[in-house]
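Structure record follows, encoded as structure tokens.
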Amino acid sequence: MELLRERTGRQADDRNLILFETGLAEIGSNVLIYTGKHGTGGLPVEYELRLEANTATASFTDWGPPIHNLTRAMPAPTSEAGRGLAIARKVLDELGYKRNGEVNTWRLVKRL
């Protein structure tokens, strides 16, 4: 993210970068948590971050369990879990997910 800030000339308090970083953190942490919980045999999580024409795009590829409900609503305020996807959908311009065999691919897009 720091390199992205430098390349775009944006400050640390840039709202769109903060929103992109929030979505990235929510999906990235879920990928790491759920991939690790379900024993992927040490397979790595692949991550790519791109900047093209004022659009930041990140992708994650993992070998964790499939996601069955990408449109889950925000949980109750008293709930301690289940907010990651709802937050990411809210702060990103696009959140894509597909499952191909045993592989999950996530695509996160934020227009800066």
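Chain lettering (A, B, ...) mirrors the order of the structure tokens, residue numbering begins at 1 for each chain separately, and ligand numbering begins at 1 in order of display.
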Skip region 23-28 of chain A itself and residues of its chain fewer than 6 positions away, then list as a list in words all residues within 10 Å of it, counting only C-alpha atoms. Met1, Leu17, Val45, Tyr47, Leu49, Thr57, Ala58, Ser59, Phe60, Arg83, Gly84, Leu85, Ala86, Ile87, Ala88, Arg89, Lys90, Val91, Leu92, Asp93, Leu95, Trp106, Arg107, Leu108, Val109 and Lys110 of chain A
Given the selection you just returned, output its residues as a file containing C-alpha atoms, formatted as a compact mmCIF listing (two decimals), in the first residue's frame.
```txt
# COMPACT_ATOMS: atom_id res chain seq x y z
CA MET A 1 0.00 0.00 0.00
CA LEU A 17 -6.88 4.47 -0.78
CA VAL A 45 -1.80 -17.80 -1.09
CA TYR A 47 -1.43 -12.11 -4.17
CA LEU A 49 -1.60 -5.70 -6.65
CA THR A 57 -6.82 -3.96 -8.49
CA ALA A 58 -5.82 -6.75 -6.15
CA SER A 59 -6.23 -10.46 -6.58
CA PHE A 60 -5.90 -13.38 -4.22
CA ARG A 83 -18.47 -8.55 8.71
CA GLY A 84 -15.56 -8.96 6.28
CA LEU A 85 -17.46 -9.62 3.06
CA ALA A 86 -20.12 -7.01 3.82
CA ILE A 87 -17.48 -4.37 4.54
CA ALA A 88 -15.47 -5.25 1.43
CA ARG A 89 -18.59 -5.05 -0.78
CA LYS A 90 -19.37 -1.62 0.68
CA VAL A 91 -15.92 -0.03 0.31
CA LEU A 92 -14.82 -1.50 -3.05
CA ASP A 93 -16.13 -0.63 -6.50
CA LEU A 95 -15.58 -7.52 -5.50
CA TRP A 106 -10.77 -13.04 -5.57
CA ARG A 107 -10.66 -9.76 -7.50
CA LEU A 108 -10.88 -6.43 -5.67
CA VAL A 109 -11.21 -3.16 -7.60
CA LYS A 110 -11.22 0.45 -6.42
```
What residues in chain A get the DSSP label helix (DSSP H, G or I)? Please answer as JSON, numbers by chain. {"A": [2, 3, 4, 5, 6, 7, 8, 15, 16, 17, 18, 19, 20, 21, 22, 23, 24, 25, 26, 27, 28, 29, 30, 31, 32, 33, 34, 35, 36, 37, 84, 85, 86, 87, 88, 89, 90, 91]}
Apply DSSP to the backbone of this structure and, from chain A, keep only the residues in strand (DSSP E or B); write these as a PyMOL selection string. chain A and resi 46-52+55-62+94-100+103-111
Dump as a CSV table (one decimal), in the first residue's frame, selection limited to N, CA and C atoms:
```csv
chain,number,residue,atom,x,y,z
A,46,GLU,N,-1.6,-16.8,-3.3
A,46,GLU,CA,-1.0,-15.9,-4.2
A,46,GLU,C,-1.7,-14.5,-4.2
A,47,TYR,N,-0.9,-13.5,-4.3
A,47,TYR,CA,-1.4,-12.1,-4.2
A,47,TYR,C,-0.8,-11.2,-5.2
A,48,GLU,N,-1.6,-10.4,-5.9
A,48,GLU,CA,-1.1,-9.5,-6.9
A,48,GLU,C,-1.8,-8.1,-6.7
A,49,LEU,N,-1.1,-7.0,-6.8
A,49,LEU,CA,-1.6,-5.7,-6.7
A,49,LEU,C,-1.2,-4.9,-7.9
A,50,ARG,N,-2.2,-4.3,-8.6
A,50,ARG,CA,-1.9,-3.6,-9.8
A,50,ARG,C,-2.5,-2.2,-9.8
A,51,LEU,N,-1.9,-1.3,-10.5
A,51,LEU,CA,-2.4,0.1,-10.6
A,51,LEU,C,-2.4,0.4,-12.1
A,52,GLU,N,-3.6,0.6,-12.7
A,52,GLU,CA,-3.7,1.0,-14.1
A,52,GLU,C,-4.7,2.1,-14.2
A,55,THR,N,-6.9,3.1,-11.3
A,55,THR,CA,-7.7,2.0,-10.8
A,55,THR,C,-6.8,1.0,-10.1
A,56,ALA,N,-7.0,0.8,-8.8
A,56,ALA,CA,-6.2,-0.2,-8.1
A,56,ALA,C,-7.0,-1.6,-8.1
A,57,THR,N,-6.2,-2.6,-8.4
A,57,THR,CA,-6.8,-4.0,-8.5
A,57,THR,C,-5.9,-4.9,-7.7
A,58,ALA,N,-6.5,-5.7,-6.9
A,58,ALA,CA,-5.8,-6.7,-6.2
A,58,ALA,C,-6.5,-8.1,-6.4
A,59,SER,N,-5.7,-9.1,-6.4
A,59,SER,CA,-6.2,-10.5,-6.6
A,59,SER,C,-5.6,-11.4,-5.6
A,60,PHE,N,-6.4,-12.3,-5.1
A,60,PHE,CA,-5.9,-13.4,-4.2
A,60,PHE,C,-6.3,-14.7,-4.9
A,61,THR,N,-5.4,-15.7,-4.8
A,61,THR,CA,-5.7,-17.0,-5.3
A,61,THR,C,-5.3,-17.9,-4.1
A,62,ASP,N,-6.3,-18.8,-3.7
A,62,ASP,CA,-6.0,-19.7,-2.6
A,62,ASP,C,-6.7,-21.0,-2.8
A,94,GLU,N,-15.7,-3.0,-7.0
A,94,GLU,CA,-16.0,-4.3,-7.5
A,94,GLU,C,-15.4,-5.3,-6.5
A,95,LEU,N,-16.1,-6.4,-6.2
A,95,LEU,CA,-15.6,-7.5,-5.5
A,95,LEU,C,-16.0,-8.8,-6.3
A,96,GLY,N,-15.1,-9.4,-6.8
A,96,GLY,CA,-15.4,-10.6,-7.6
A,96,GLY,C,-14.8,-11.9,-6.9
A,97,TYR,N,-15.5,-13.0,-7.1
A,97,TYR,CA,-15.1,-14.3,-6.6
A,97,TYR,C,-15.5,-15.4,-7.6
A,98,LYS,N,-14.6,-16.3,-7.8
A,98,LYS,CA,-14.9,-17.5,-8.5
A,98,LYS,C,-14.2,-18.7,-8.0
A,99,ARG,N,-14.8,-19.8,-8.2
A,99,ARG,CA,-14.2,-21.1,-7.7
A,99,ARG,C,-14.0,-21.9,-9.0
A,100,ASN,N,-12.8,-22.4,-9.2
A,100,ASN,CA,-12.5,-23.3,-10.3
A,100,ASN,C,-11.8,-24.5,-9.7
A,103,VAL,N,-9.7,-24.2,-6.4
A,103,VAL,CA,-9.0,-22.9,-6.3
A,103,VAL,C,-10.0,-21.8,-6.2
A,104,ASN,N,-9.8,-20.9,-5.2
A,104,ASN,CA,-10.6,-19.6,-5.1
A,104,ASN,C,-9.8,-18.5,-5.7
A,105,THR,N,-10.5,-17.6,-6.5
A,105,THR,CA,-9.8,-16.4,-7.0
A,105,THR,C,-10.7,-15.2,-6.6
A,106,TRP,N,-10.1,-14.3,-6.0
A,106,TRP,CA,-10.8,-13.0,-5.6
A,106,TRP,C,-10.2,-11.9,-6.4
A,107,ARG,N,-11.1,-11.0,-6.8
A,107,ARG,CA,-10.7,-9.8,-7.5
A,107,ARG,C,-11.3,-8.6,-6.8
A,108,LEU,N,-10.4,-7.6,-6.4
A,108,LEU,CA,-10.9,-6.4,-5.7
A,108,LEU,C,-10.5,-5.2,-6.5
A,109,VAL,N,-11.5,-4.3,-6.7
A,109,VAL,CA,-11.2,-3.2,-7.6
A,109,VAL,C,-11.7,-1.9,-6.9
A,110,LYS,N,-10.8,-0.9,-6.9
A,110,LYS,CA,-11.2,0.5,-6.4
A,110,LYS,C,-10.7,1.5,-7.4
A,111,ARG,N,-11.6,2.3,-7.9
A,111,ARG,CA,-11.2,3.5,-8.7
A,111,ARG,C,-10.8,4.6,-7.8
```
Provide the CA of Glu102 (chain A) to CA of Trp63 (chain A) distance in Å, to one decimal place. 5.9 Å
Could you state the separation of CA of Gly101 (chain A) and CA of Glu21 (chain A) in Å, given to one decimal place?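 Here the two named atoms are 28.6 Å from each other.
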Using only C-alpha atoms: which of A:Asn30, A:His68, A:Thr35, A:Leu19 has the shortest distance to Gly82 (chain A):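 Of all the options, A:Asn30 lies closest to Gly82 (chain A).
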